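What's in model-v7.tsv: TSV, C-alpha atoms and all ligand atoms
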```
chain	number	residue	atom	x	y	z
N	1	MET	CA	-10.31	22.59	2.30
N	2	PHE	CA	-13.59	21.27	3.59
N	3	ALA	CA	-15.17	20.76	6.98
N	4	ARG	CA	-15.73	17.32	8.42
N	5	SER	CA	-19.42	17.14	7.47
N	6	ALA	CA	-18.69	18.44	4.00
N	7	ALA	CA	-15.81	16.00	3.74
N	8	ARG	CA	-18.25	13.20	4.50
N	9	SER	CA	-20.61	14.05	1.70
N	10	LEU	CA	-17.87	14.89	-0.79
N	11	THR	CA	-15.81	11.82	-0.05
N	12	SER	CA	-18.80	9.51	-0.12
N	13	GLN	CA	-19.48	10.84	-3.61
N	14	SER	CA	-15.90	10.31	-4.69
N	15	ARG	CA	-15.87	6.86	-3.02
N	16	LEU	CA	-12.38	7.46	-1.68
N	17	PHE	CA	-13.39	7.44	1.95
N	18	SER	CA	-16.35	6.18	3.81
N	19	THR	CA	-16.90	6.41	7.48
N	20	THR	CA	-18.38	4.62	10.45
N	21	ALA	CA	-18.60	5.58	14.12
N	22	ALA	CA	-15.87	7.93	15.34
N	23	ARG	CA	-12.91	6.46	17.24
N	24	LEU	CA	-9.52	7.94	18.04
N	25	THR	CA	-6.95	6.85	15.52
N	26	LYS	CA	-3.41	8.14	15.29
N	27	VAL	CA	-1.76	7.52	11.94
N	28	ALA	CA	1.91	8.09	11.12
N	29	VAL	CA	3.37	8.62	7.66
N	30	LEU	CA	7.09	7.77	7.46
N	31	GLY	CA	8.49	9.46	4.36
N	32	ALA	CA	5.91	12.25	4.53
N	33	GLY	CA	8.10	14.75	2.69
N	34	GLY	CA	8.30	12.74	-0.53
N	35	GLY	CA	6.41	12.62	-3.80
N	36	ILE	CA	3.92	10.13	-2.37
N	37	GLY	CA	4.20	11.22	1.25
N	38	GLN	CA	2.99	14.80	0.70
N	39	PRO	CA	-0.26	14.13	-1.18
N	40	LEU	CA	-0.85	11.05	0.99
N	41	SER	CA	-0.58	13.21	4.11
N	42	LEU	CA	-3.05	15.67	2.60
N	43	LEU	CA	-5.54	12.92	1.76
N	44	LEU	CA	-5.20	11.39	5.22
N	45	LYS	CA	-5.86	14.83	6.71
N	46	SER	CA	-9.14	14.77	4.76
N	47	ASP	CA	-10.11	11.35	6.12
N	48	PRO	CA	-12.53	11.78	9.05
N	49	LEU	CA	-11.39	8.43	10.50
N	50	VAL	CA	-7.91	9.82	11.12
N	51	THR	CA	-7.93	11.85	14.33
N	52	SER	CA	-4.21	12.50	14.65
N	53	LEU	CA	-1.55	12.60	11.97
N	54	SER	CA	2.14	12.19	12.70
N	55	LEU	CA	4.37	13.16	9.78
N	56	TYR	CA	8.00	12.02	9.75
N	57	ASP	CA	10.78	12.26	7.17
N	58	ILE	CA	14.53	12.71	7.20
N	59	ARG	CA	13.82	15.89	5.20
N	60	GLY	CA	11.02	18.42	5.29
N	61	ALA	CA	8.31	16.82	7.43
N	62	PRO	CA	7.75	19.80	9.78
N	63	GLY	CA	7.06	22.00	6.73
N	64	VAL	CA	4.62	19.52	5.23
N	65	ALA	CA	2.93	19.20	8.63
N	66	ALA	CA	2.57	22.98	9.07
N	67	ASP	CA	1.06	23.23	5.60
N	68	VAL	CA	-1.34	20.29	5.92
N	69	SER	CA	-2.34	21.31	9.47
N	70	HIS	CA	-4.21	24.37	8.13
N	71	VAL	CA	-6.75	22.18	6.36
N	72	ASP	CA	-10.04	22.58	8.21
N	73	THR	CA	-10.71	19.01	9.23
N	74	GLY	CA	-10.75	17.83	12.83
N	75	SER	CA	-7.49	15.90	13.03
N	76	GLU	CA	-4.38	17.32	14.65
N	77	VAL	CA	-1.10	17.21	12.71
N	78	ASN	CA	2.46	17.10	13.99
N	79	GLY	CA	5.71	17.08	12.01
N	80	TYR	CA	8.91	15.37	13.12
N	81	ALA	CA	12.45	15.99	11.87
N	82	ALA	CA	15.10	13.33	11.20
N	83	ASP	CA	16.12	12.79	14.83
N	84	LYS	CA	12.54	12.50	16.11
N	85	LEU	CA	11.44	9.11	14.78
N	86	ASP	CA	10.62	7.63	18.18
N	87	GLU	CA	8.48	10.64	19.09
N	88	ALA	CA	6.69	10.41	15.76
N	89	LEU	CA	5.73	6.81	16.52
N	90	GLU	CA	4.48	7.31	20.04
N	91	GLY	CA	0.89	6.08	20.51
N	92	VAL	CA	0.47	5.41	16.81
N	93	GLU	CA	-1.98	2.71	15.72
N	94	VAL	CA	-1.37	2.75	11.98
N	95	VAL	CA	1.97	3.44	10.28
N	96	VAL	CA	2.10	4.04	6.54
N	97	ILE	CA	5.58	3.79	4.97
N	98	PRO	CA	6.28	5.52	1.66
N	99	ALA	CA	9.93	6.24	2.64
N	100	GLY	CA	12.72	5.40	0.24
N	101	VAL	CA	13.87	6.11	-3.27
N	102	PRO	CA	11.55	5.74	-6.25
N	103	ARG	CA	12.54	3.47	-9.10
N	104	LYS	CA	14.23	4.60	-12.26
N	105	MET	CA	13.95	1.27	-14.07
N	106	THR	CA	12.68	-1.84	-12.29
N	107	ARG	CA	11.40	-2.05	-8.73
N	108	ASP	CA	14.20	-4.45	-7.88
N	109	ASP	CA	16.93	-1.89	-8.63
N	110	LEU	CA	16.05	-0.04	-5.47
N	111	PHE	CA	16.33	-3.05	-3.23
N	112	ASN	CA	19.57	-2.15	-1.51
N	113	THR	CA	18.64	1.39	-0.56
N	114	ASN	CA	15.05	0.75	0.42
N	115	ALA	CA	15.75	-2.53	2.23
N	116	SER	CA	17.87	-0.78	4.87
N	117	ILE	CA	15.46	2.17	5.18
N	118	VAL	CA	12.48	-0.12	5.72
N	119	ARG	CA	14.37	-2.40	8.12
N	120	ASP	CA	15.44	0.55	10.28
N	121	LEU	CA	11.93	2.02	10.34
N	122	ALA	CA	10.45	-1.39	11.21
N	123	SER	CA	12.91	-1.77	14.02
N	124	ALA	CA	11.82	1.59	15.47
N	125	ILE	CA	8.16	0.55	15.13
N	126	GLY	CA	8.96	-2.70	16.98
N	127	ARG	CA	10.51	-0.69	19.78
N	128	VAL	CA	8.04	2.21	20.12
N	129	ALA	CA	4.74	1.08	18.61
N	130	PRO	CA	4.90	-2.73	18.62
N	131	SER	CA	1.18	-3.21	18.18
N	132	ALA	CA	0.77	-0.78	15.30
N	133	HIS	CA	-0.58	-1.86	11.93
N	134	VAL	CA	2.16	-1.37	9.33
N	135	LEU	CA	1.27	-0.48	5.73
N	136	VAL	CA	4.23	-0.81	3.40
N	137	ILE	CA	4.30	1.25	0.20
N	138	SER	CA	8.10	1.36	-0.29
N	139	ASN	CA	9.22	-0.84	-3.16
N	140	PRO	CA	9.97	-3.58	-3.92
N	141	VAL	CA	6.88	-4.47	-1.86
N	142	ASN	CA	7.41	-8.22	-2.55
N	143	SER	CA	10.64	-7.93	-0.52
N	144	THR	CA	10.01	-4.98	1.82
N	145	VAL	CA	6.98	-6.65	3.45
N	146	PRO	CA	9.03	-9.76	4.39
N	147	ILE	CA	11.73	-7.36	5.64
N	148	VAL	CA	9.25	-5.65	7.97
N	149	ALA	CA	7.86	-9.02	9.11
N	150	SER	CA	11.31	-10.50	9.80
N	151	THR	CA	12.51	-7.35	11.58
N	152	LEU	CA	9.45	-7.32	13.86
N	153	ALA	CA	9.86	-11.08	14.40
N	154	LYS	CA	13.49	-10.54	15.43
N	155	ALA	CA	12.21	-8.02	18.00
N	156	GLY	CA	9.64	-10.59	19.17
N	157	VAL	CA	6.62	-8.43	18.26
N	158	TYR	CA	5.55	-9.67	14.82
N	159	ASN	CA	1.80	-10.14	14.35
N	160	PRO	CA	0.96	-11.31	10.80
N	161	ALA	CA	-2.50	-9.76	11.09
N	162	ARG	CA	-0.90	-6.31	11.25
N	163	VAL	CA	1.58	-6.13	8.36
N	164	PHE	CA	0.31	-5.22	4.89
N	165	GLY	CA	1.87	-4.56	1.51
N	166	VAL	CA	-0.14	-1.86	-0.24
N	167	THR	CA	-1.04	-3.26	-3.69
N	168	THR	CA	-4.08	-1.00	-4.07
N	169	LEU	CA	-2.57	0.91	-6.98
N	170	ASP	CA	-2.70	-2.30	-9.04
N	171	VAL	CA	-6.37	-2.69	-8.09
N	172	VAL	CA	-7.10	0.97	-8.91
N	173	ARG	CA	-5.36	0.69	-12.29
N	174	ALA	CA	-7.11	-2.60	-13.12
N	175	ALA	CA	-10.53	-1.04	-12.49
N	176	ARG	CA	-9.68	2.12	-14.41
N	177	PHE	CA	-8.20	0.35	-17.46
N	178	THR	CA	-10.90	-2.35	-17.62
N	179	ALA	CA	-13.66	0.25	-17.29
N	180	GLY	CA	-12.10	2.18	-20.17
N	181	ILE	CA	-12.34	-0.88	-22.43
N	182	ALA	CA	-15.81	-1.91	-21.27
N	183	GLY	CA	-17.18	1.65	-21.50
N	184	VAL	CA	-18.44	1.67	-17.89
N	185	SER	CA	-17.56	3.56	-14.73
N	186	PRO	CA	-14.54	2.16	-12.79
N	187	ALA	CA	-16.84	1.76	-9.78
N	188	GLU	CA	-18.75	-0.85	-11.79
N	189	ALA	CA	-15.61	-2.75	-12.76
N	190	PRO	CA	-13.81	-3.78	-9.56
N	191	ILE	CA	-11.05	-6.30	-10.33
N	192	THR	CA	-9.39	-8.60	-7.82
N	193	VAL	CA	-5.63	-8.46	-8.33
N	194	VAL	CA	-3.60	-11.21	-6.65
N	195	GLY	CA	0.03	-12.35	-6.35
N	196	GLY	CA	2.61	-9.67	-5.67
N	197	HIS	CA	3.39	-6.10	-6.65
N	198	SER	CA	5.78	-6.06	-9.59
N	199	GLY	CA	5.50	-7.00	-13.25
N	200	ALA	CA	4.72	-10.67	-13.76
N	201	THR	CA	3.84	-11.19	-10.10
N	202	ILE	CA	0.77	-8.96	-10.56
N	203	VAL	CA	-2.14	-11.22	-11.57
N	204	PRO	CA	-5.50	-9.58	-12.36
N	205	LEU	CA	-8.45	-11.98	-12.15
N	206	LEU	CA	-10.45	-10.52	-15.01
N	207	SER	CA	-12.47	-13.73	-15.46
N	208	GLN	CA	-14.15	-13.07	-12.09
N	209	SER	CA	-15.38	-9.62	-13.12
N	210	THR	CA	-18.65	-8.91	-14.92
N	211	HIS	CA	-16.98	-6.40	-17.21
N	212	GLY	CA	-13.58	-8.13	-17.42
N	213	LYS	CA	-14.64	-11.65	-18.33
N	214	GLY	CA	-15.70	-10.80	-21.87
N	215	ILE	CA	-12.31	-9.29	-22.75
N	216	LYS	CA	-10.36	-11.76	-24.89
N	217	GLY	CA	-7.49	-12.20	-27.32
N	218	GLU	CA	-5.13	-9.35	-28.06
N	219	VAL	CA	-7.20	-6.85	-26.06
N	220	TYR	CA	-6.94	-9.15	-23.03
N	221	ASP	CA	-3.16	-9.57	-23.42
N	222	LYS	CA	-2.65	-5.82	-23.73
N	223	LEU	CA	-4.88	-5.10	-20.74
N	224	VAL	CA	-3.04	-7.60	-18.53
N	225	HIS	CA	0.29	-6.14	-19.63
N	226	ARG	CA	-0.92	-2.62	-18.89
N	227	ILE	CA	-2.08	-3.59	-15.40
N	228	GLN	CA	1.22	-5.38	-14.69
N	229	PHE	CA	3.42	-2.63	-16.11
N	230	GLY	CA	1.22	0.46	-15.64
N	231	GLY	CA	3.87	1.98	-13.41
N	232	ASP	CA	6.28	2.07	-16.37
N	233	GLU	CA	3.95	4.45	-18.22
N	234	VAL	CA	4.34	6.93	-15.38
N	235	VAL	CA	8.11	6.47	-14.98
N	236	LYS	CA	8.53	7.07	-18.73
N	237	ALA	CA	6.19	10.07	-18.85
N	238	LYS	CA	8.07	11.63	-15.92
N	239	ASP	CA	11.27	11.14	-17.89
N	240	GLY	CA	13.02	9.14	-15.19
N	241	ALA	CA	12.43	11.85	-12.57
N	242	GLY	CA	10.24	9.59	-10.43
N	243	SER	CA	7.45	7.05	-10.40
N	244	ALA	CA	3.73	7.19	-9.61
N	245	THR	CA	3.13	9.57	-6.71
N	246	LEU	CA	-0.36	11.09	-7.02
N	247	SER	CA	-2.22	7.93	-8.01
N	248	MET	CA	-0.19	6.08	-5.38
N	249	ALA	CA	-1.14	8.61	-2.71
N	250	TYR	CA	-4.79	8.10	-3.69
N	251	ALA	CA	-4.38	4.32	-3.51
N	252	GLY	CA	-2.53	4.55	-0.17
N	253	ALA	CA	-5.25	6.74	1.34
N	254	LYS	CA	-7.92	4.40	0.00
N	255	PHE	CA	-6.28	1.35	1.58
N	256	THR	CA	-5.68	3.18	4.87
N	257	ASN	CA	-9.36	4.15	4.98
N	258	ALA	CA	-10.37	0.52	4.34
N	259	LEU	CA	-8.18	-0.64	7.23
N	260	LEU	CA	-9.53	2.08	9.53
N	261	ARG	CA	-13.09	1.08	8.69
N	262	GLY	CA	-12.22	-2.52	9.55
N	263	LEU	CA	-10.52	-1.46	12.80
N	264	ASN	CA	-13.67	0.51	13.62
N	265	GLY	CA	-15.73	-2.66	13.41
N	266	GLU	CA	-17.28	-2.21	9.98
N	267	LYS	CA	-18.08	-5.63	8.53
N	268	GLY	CA	-17.43	-6.81	5.00
N	269	VAL	CA	-14.41	-4.60	4.22
N	270	VAL	CA	-12.62	-6.77	1.67
N	271	THR	CA	-9.71	-5.69	-0.52
N	272	PRO	CA	-6.58	-7.27	-1.99
N	273	THR	CA	-3.40	-6.75	0.04
N	274	PHE	CA	-0.02	-8.49	0.30
N	275	VAL	CA	0.11	-10.28	3.65
N	276	GLU	CA	1.48	-13.41	5.26
N	277	SER	CA	-0.84	-15.95	3.71
N	278	PRO	CA	-1.47	-19.70	3.88
N	279	LEU	CA	-2.50	-19.89	0.21
N	280	TYR	CA	0.88	-20.91	-1.28
N	281	LYS	CA	2.83	-21.79	1.89
N	282	ASP	CA	3.11	-25.39	0.72
N	283	GLN	CA	5.17	-24.05	-2.21
N	284	GLY	CA	7.43	-22.07	0.12
N	285	ILE	CA	5.66	-18.75	-0.59
N	286	ASP	CA	4.81	-17.17	2.75
N	287	PHE	CA	3.43	-13.84	1.52
N	288	PHE	CA	0.75	-13.40	-1.09
N	289	SER	CA	-1.83	-10.85	-2.09
N	290	SER	CA	-5.44	-11.95	-2.36
N	291	ASN	CA	-8.75	-10.57	-1.16
N	292	VAL	CA	-8.48	-10.00	2.58
N	293	GLU	CA	-11.26	-9.10	4.98
N	294	LEU	CA	-10.11	-6.32	7.30
N	295	GLY	CA	-11.50	-6.15	10.81
N	296	VAL	CA	-10.85	-5.01	14.36
N	297	ASN	CA	-7.62	-7.04	14.51
N	298	GLY	CA	-6.36	-6.12	11.04
N	299	VAL	CA	-6.38	-9.24	8.84
N	300	GLU	CA	-9.65	-11.00	9.71
N	301	LYS	CA	-9.89	-13.52	6.89
N	302	ILE	CA	-7.79	-14.38	3.85
N	303	HIS	CA	-9.99	-15.36	0.95
N	304	PRO	CA	-8.98	-18.11	-1.48
N	305	LEU	CA	-8.53	-17.16	-5.13
N	306	GLY	CA	-11.64	-18.87	-6.45
N	307	GLN	CA	-11.94	-20.18	-9.99
N	308	LEU	CA	-9.13	-19.16	-12.39
N	309	SER	CA	-9.31	-19.17	-16.19
N	310	ALA	CA	-6.67	-21.03	-18.23
N	311	GLU	CA	-4.98	-17.66	-18.96
N	312	GLU	CA	-4.89	-16.81	-15.24
N	313	GLU	CA	-3.41	-20.23	-14.41
N	314	LYS	CA	-0.59	-19.35	-16.84
N	315	LEU	CA	-0.11	-15.94	-15.24
N	316	MET	CA	0.14	-17.66	-11.85
N	317	GLU	CA	2.84	-19.99	-13.20
N	318	ALA	CA	4.92	-16.95	-14.09
N	319	CYS	CA	4.11	-15.17	-10.82
N	320	LEU	CA	4.95	-17.79	-8.22
N	321	PRO	CA	8.68	-18.47	-8.84
N	322	GLU	CA	9.47	-14.75	-9.13
N	323	LEU	CA	7.48	-13.93	-6.01
N	324	LYS	CA	9.27	-16.69	-4.09
N	325	LYS	CA	12.67	-15.24	-5.06
N	326	ASN	CA	11.62	-11.71	-4.05
N	327	ILE	CA	10.37	-12.91	-0.65
N	328	GLU	CA	13.53	-14.93	-0.02
N	329	LYS	CA	15.66	-11.92	-0.91
N	330	GLY	CA	13.87	-9.83	1.70
N	331	ARG	CA	14.19	-12.51	4.35
N	332	ALA	CA	17.88	-13.11	3.58
N	333	PHE	CA	18.57	-9.38	3.89
N	334	VAL	CA	17.29	-9.30	7.47
N	335	GLU	CA	19.05	-12.54	8.39
N	336	SER	CA	22.37	-11.21	7.17
N	337	SER	CA	22.02	-7.80	8.82
A	1	LIG	P1	10.49	10.30	-3.03
A	1	LIG	O1	11.96	10.20	-3.21
A	1	LIG	O2	9.76	11.42	-3.66
A	1	LIG	O3	10.13	10.31	-1.48
A	1	LIG	C1	10.70	9.43	-0.58
A	1	LIG	C2	10.81	10.13	0.75
A	1	LIG	O4	11.36	9.20	1.68
A	1	LIG	C3	11.76	11.36	0.71
A	1	LIG	O5	11.10	12.49	1.23
A	1	LIG	C4	12.92	10.94	1.60
A	1	LIG	O6	13.50	12.01	2.33
A	1	LIG	C5	12.22	9.95	2.53
A	1	LIG	N1	13.14	9.06	3.22
A	1	LIG	C6	14.27	8.47	2.77
A	1	LIG	N2	14.84	7.75	3.76
A	1	LIG	C7	14.04	7.88	4.84
A	1	LIG	C8	14.08	7.37	6.16
A	1	LIG	N3	15.07	6.60	6.58
A	1	LIG	N4	13.07	7.71	7.00
A	1	LIG	C9	12.06	8.51	6.60
A	1	LIG	N5	11.96	9.02	5.36
A	1	LIG	C10	12.95	8.70	4.50
A	1	LIG	O7	9.86	8.88	-3.52
A	1	LIG	P2	8.33	8.54	-3.83
A	1	LIG	O8	8.05	8.76	-5.26
A	1	LIG	O9	7.49	9.20	-2.81
A	1	LIG	O10	8.34	6.94	-3.60
A	1	LIG	C11	8.51	6.40	-2.32
A	1	LIG	C12	8.50	4.87	-2.40
A	1	LIG	O11	7.23	4.35	-2.80
A	1	LIG	C13	9.48	4.30	-3.40
A	1	LIG	O12	10.11	3.15	-2.84
A	1	LIG	C14	8.62	3.88	-4.56
A	1	LIG	O13	9.19	2.88	-5.36
A	1	LIG	C15	7.40	3.37	-3.82
A	1	LIG	N6	6.19	3.26	-4.65
A	1	LIG	C16	5.31	2.26	-4.33
A	1	LIG	C17	4.18	2.07	-5.05
A	1	LIG	C18	3.23	0.96	-4.68
A	1	LIG	O14	2.29	0.70	-5.46
A	1	LIG	N7	3.37	0.30	-3.55
A	1	LIG	C19	3.85	2.91	-6.21
A	1	LIG	C20	4.79	3.97	-6.42
A	1	LIG	C21	5.94	4.11	-5.68
```
Before anything else, please render the file you have as structure tokens.
Amino acid sequence: MFARSAARSLTSQSRLFSTTAARLTKVAVLGAGGGIGQPLSLLLKSDPLVTSLSLYDIRGAPGVAADVSHVDTGSEVNGYAADKLDEALEGVEVVVIPAGVPRKMTRDDLFNTNASIVRDLASAIGRVAPSAHVLVISNPVNSTVPIVASTLAKAGVYNPARVFGVTTLDVVRAARFTAGIAGVSPAEAPITVVGGHSGATIVPLLSQSTHGKGIKGEVYDKLVHRIQFGGDEVVKAKDGAGSATLSMAYAGAKFTNALLRGLNGEKGVVTPTFVESPLYKDQGIDFFSSNVELGVNGVEKIHPLGQLSAEEEKLMEACLPELKKNIEKGRAFVESS
């Protein structure tokens, strides 16, 4: 599609990727044949910070790999069929997981299927690539991240600085929707989104944004609802045939690039992500999404939430009990398996 130098200038314009000094980074996509996996693999192929791409799925990954491998960027691409998971994970530093089934109704309805898929993939990561950074896209993220953490802990290789729930789509939607109301470019309206990644657990901190803080009343309520339930718009428009795939692939590639920049030593890479967090541990909530600085070790620093408005305090009251239940469900699944 475009050469590495061209990719640099194009992607810096589009703000999807930015780059620092070159370093060898092997990235695996588990679930690469799916609705998210395919465009995500393509976008990662276009990221100059990815030097090797390992595409795995129980269906179709070698075909996706052959296709994507013709793109004229520097990275090498390999595809792995169902029985080649261990080979796909060899030497991998970053594993992105969009494997599973997409939701038809709520994110929770896919728990049973996706919980086992994610647990089995995490167990293979623990065995073959125990020091990899694991980026979980598979829903319900509020439960699948604790599943990955508990599975790696069972294997004795869990490092909380290396397990991330990808909540970037909420951040992308918040900027896009807020910018639409404020009449500015989304790049000028970044919004910190905290909490978890489903419905009421998604808490946008509009009061901390230059263009969000003036939004009040009914417009505010509708905006918050749209950010929390934006995924439903896509599920409905696709007539139950799937959920967000293209915007999710964009968000997944954007978060992966942020992590790679941090791993490369770039300073000041800060973005919301769902990680093991001290912020609400005293309330029994071990995982939480807030602004996180990404660095050479993965999670470098977890930022506090800062000042919340009265409306945001109320949103947090709705978020916390639900998030706690989702996390406990994930943990209990691993304990009982
Ligand atoms: P899809 O059904 O199109 O693709 C899923 C892929 O996973 C398929 O190719 C399937 O063969 C593969 N797969 C199933 N079991 C596997 C296993 N054991 N190992 C490797 N691959 C396996 O689904 P789609 O639309 O790509 O969604 C994937 C996941 O991402 C879903 O759980 C969905 O809910 C979630 N999602 C997360 C979002 C987020 O913001 N974090 C946003 C949108 C979707």
Inset, instruction - Calculate how many Å separate atom CA of N:Val171 from atom CA of N:Gly298, rounding to one decimal. - result: 19.4 Å
With a cut-off of 7 Å, could you pull out the residues of stretch 94-177 of chain N touching stretch 26-40 of chain N and give me the nearest pair of atoms for each, distance in Å to one decimal, using all atoms listed in the file, ordered by chain and ascending number, as JSON lines?
```
{"residue": "N:Val94", "atom": "CA", "partner": "N:Val27", "partner_atom": "CA", "distance": 4.8}
{"residue": "N:Val95", "atom": "CA", "partner": "N:Ala28", "partner_atom": "CA", "distance": 4.7}
{"residue": "N:Val96", "atom": "CA", "partner": "N:Val29", "partner_atom": "CA", "distance": 4.9}
{"residue": "N:Ile97", "atom": "CA", "partner": "N:Leu30", "partner_atom": "CA", "distance": 4.9}
{"residue": "N:Pro98", "atom": "CA", "partner": "N:Gly31", "partner_atom": "CA", "distance": 5.3}
{"residue": "N:Ala99", "atom": "CA", "partner": "N:Gly31", "partner_atom": "CA", "distance": 3.9}
```
Inset, instruction - Have a look at N:Leu135, N:Ala61, N:Ile117, N:Val203 and name the one nearest to ligand LIG 1 (chain A); count all atoms listed in the file. - result: N:Ile117
Need the shell around stretch 82-86 of chain N: protein/DNA/RNA residues with any atom at most 7 Å away, counting all atoms listed in the file. Skip same-chain ones fewer than 2 positions apart. Format as a PDB file with C-alpha atoms, in the frame of the given file?
```pdb
ATOM      1  CA  TYR N  56       8.000  12.020   9.750  1.00  0.00           C
ATOM      2  CA  ASP N  57      10.780  12.260   7.170  1.00  0.00           C
ATOM      3  CA  ILE N  58      14.530  12.710   7.200  1.00  0.00           C
ATOM      4  CA  ARG N  59      13.820  15.890   5.200  1.00  0.00           C
ATOM      5  CA  TYR N  80       8.910  15.370  13.120  1.00  0.00           C
ATOM      6  CA  ALA N  88       6.690  10.410  15.760  1.00  0.00           C
ATOM      7  CA  LEU N  89       5.730   6.810  16.520  1.00  0.00           C
ATOM      8  CA  GLU N  90       4.480   7.310  20.040  1.00  0.00           C
ATOM      9  CA  ALA N 124      11.820   1.590  15.470  1.00  0.00           C
ATOM     10  CA  VAL N 128       8.040   2.210  20.120  1.00  0.00           C
TER      11      VAL N 128
END
```
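Across N:Gly156, N:Ser337, N:Ala332, N:Val148, the tightest approach to N:Glu276 is made by N:Val148 when counting all atoms listed in the file.
The nearest approach to N:Val296 among the residues N:Ser209, N:Thr271, N:Asn264, N:Ser138, with all atoms listed in the file taken into account, belongs to N:Asn264.
Reported to one decimal place, the separation of atom CA of N:Val141 from atom CA of N:Glu266 is 27.0 Å.
Between ligand LIG 1 (chain A) and the residues N:Val269, N:Leu152, N:Val50, N:Ala244, the shortest atom-to-atom distance, using only C-alpha atoms and all ligand atoms, involves N:Ala244.
Taking atom CA of N:Val234 and atom CA of N:Leu43 as the two end points, the separation is 20.7 Å.
The shortest atom-to-atom distance to N:Tyr250, with only C-alpha atoms taken into account, belongs to N:Val166 out of N:Ala115, N:Val219, N:Ala81, N:Val166.
The smallest atom-to-atom distance between ligand LIG 1 (chain A) and any of N:Ala65, N:Leu246, N:Ala237, N:Ala129, using only C-alpha atoms and all ligand atoms, is found for N:Leu246.
Within 8 Å of the point (13.5, 6.1, -13.5), counting only C-alpha atoms, the protein and nucleic acid residues come to Pro102, Arg103, Lys104, Met105, Val235, Lys236, Asp239, Gly240, Ala241, Gly242 and Ser243 of chain N.
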Legend entry - Neighbour list for N:Asn78 as a list in words, cut-off 8 Å, all atoms listed in the file, skip fewer than 6 positions in-chain: Leu53, Ser54, Leu55, Pro62, Ala65, Ala66 and Ser69 of chain N
Let me have the centre and edge lengths in Å, one decimal, of the box along x, y and z around every listed atom of ligand LIG 1 (chain A) with 3 Å of margin on each side, as JSON.
```
{"center_x": 8.7, "center_y": 6.4, "center_z": 0.3, "size_x": 18.8, "size_y": 18.2, "size_z": 19.4}
```
Inset, instruction - Mind checking which residues fall within 12 Å of stretch 259-261 of chain N, counting all atoms listed in the file, ignoring those fewer than 2 positions away in the same chain, and posting them as a PyMOL selection string? - result: chain N and resi 17-27+44+47-51+93-96+133-135+161-164+166+252-257+263-273+292-300
Legend entry - Spatial neighbours of N:Ile202, max dist 9 Å, only C-alpha atoms, sep filter under 2 positions, as an MDAnalysis selection string: chainID N and resid 170 193:200 204 224 227:229 315:316 319
Excluding N:Lys154 and any residue of its chain fewer than 4 positions from it, enumerate the residues within 12 Å of it, using all atoms listed in the file, and give them as an mmCIF file with C-alpha atoms, keeping the file's coordinate frame.
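Produced file selection-v8.cif, reproduced below:
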```cif
data_model
loop_
_atom_site.group_PDB
_atom_site.id
_atom_site.type_symbol
_atom_site.label_atom_id
_atom_site.label_comp_id
_atom_site.auth_asym_id
_atom_site.auth_seq_id
_atom_site.Cartn_x
_atom_site.Cartn_y
_atom_site.Cartn_z
ATOM 1 C CA ARG N 119 14.370 -2.400 8.120
ATOM 2 C CA ALA N 122 10.450 -1.390 11.210
ATOM 3 C CA SER N 123 12.910 -1.770 14.020
ATOM 4 C CA GLY N 126 8.960 -2.700 16.980
ATOM 5 C CA ARG N 127 10.510 -0.690 19.780
ATOM 6 C CA PRO N 146 9.030 -9.760 4.390
ATOM 7 C CA ILE N 147 11.730 -7.360 5.640
ATOM 8 C CA VAL N 148 9.250 -5.650 7.970
ATOM 9 C CA ALA N 149 7.860 -9.020 9.110
ATOM 10 C CA SER N 150 11.310 -10.500 9.800
ATOM 11 C CA TYR N 158 5.550 -9.670 14.820
ATOM 12 C CA ASN N 159 1.800 -10.140 14.350
ATOM 13 C CA ARG N 331 14.190 -12.510 4.350
ATOM 14 C CA VAL N 334 17.290 -9.300 7.470
ATOM 15 C CA GLU N 335 19.050 -12.540 8.390
ATOM 16 C CA SER N 337 22.020 -7.800 8.820
#
```
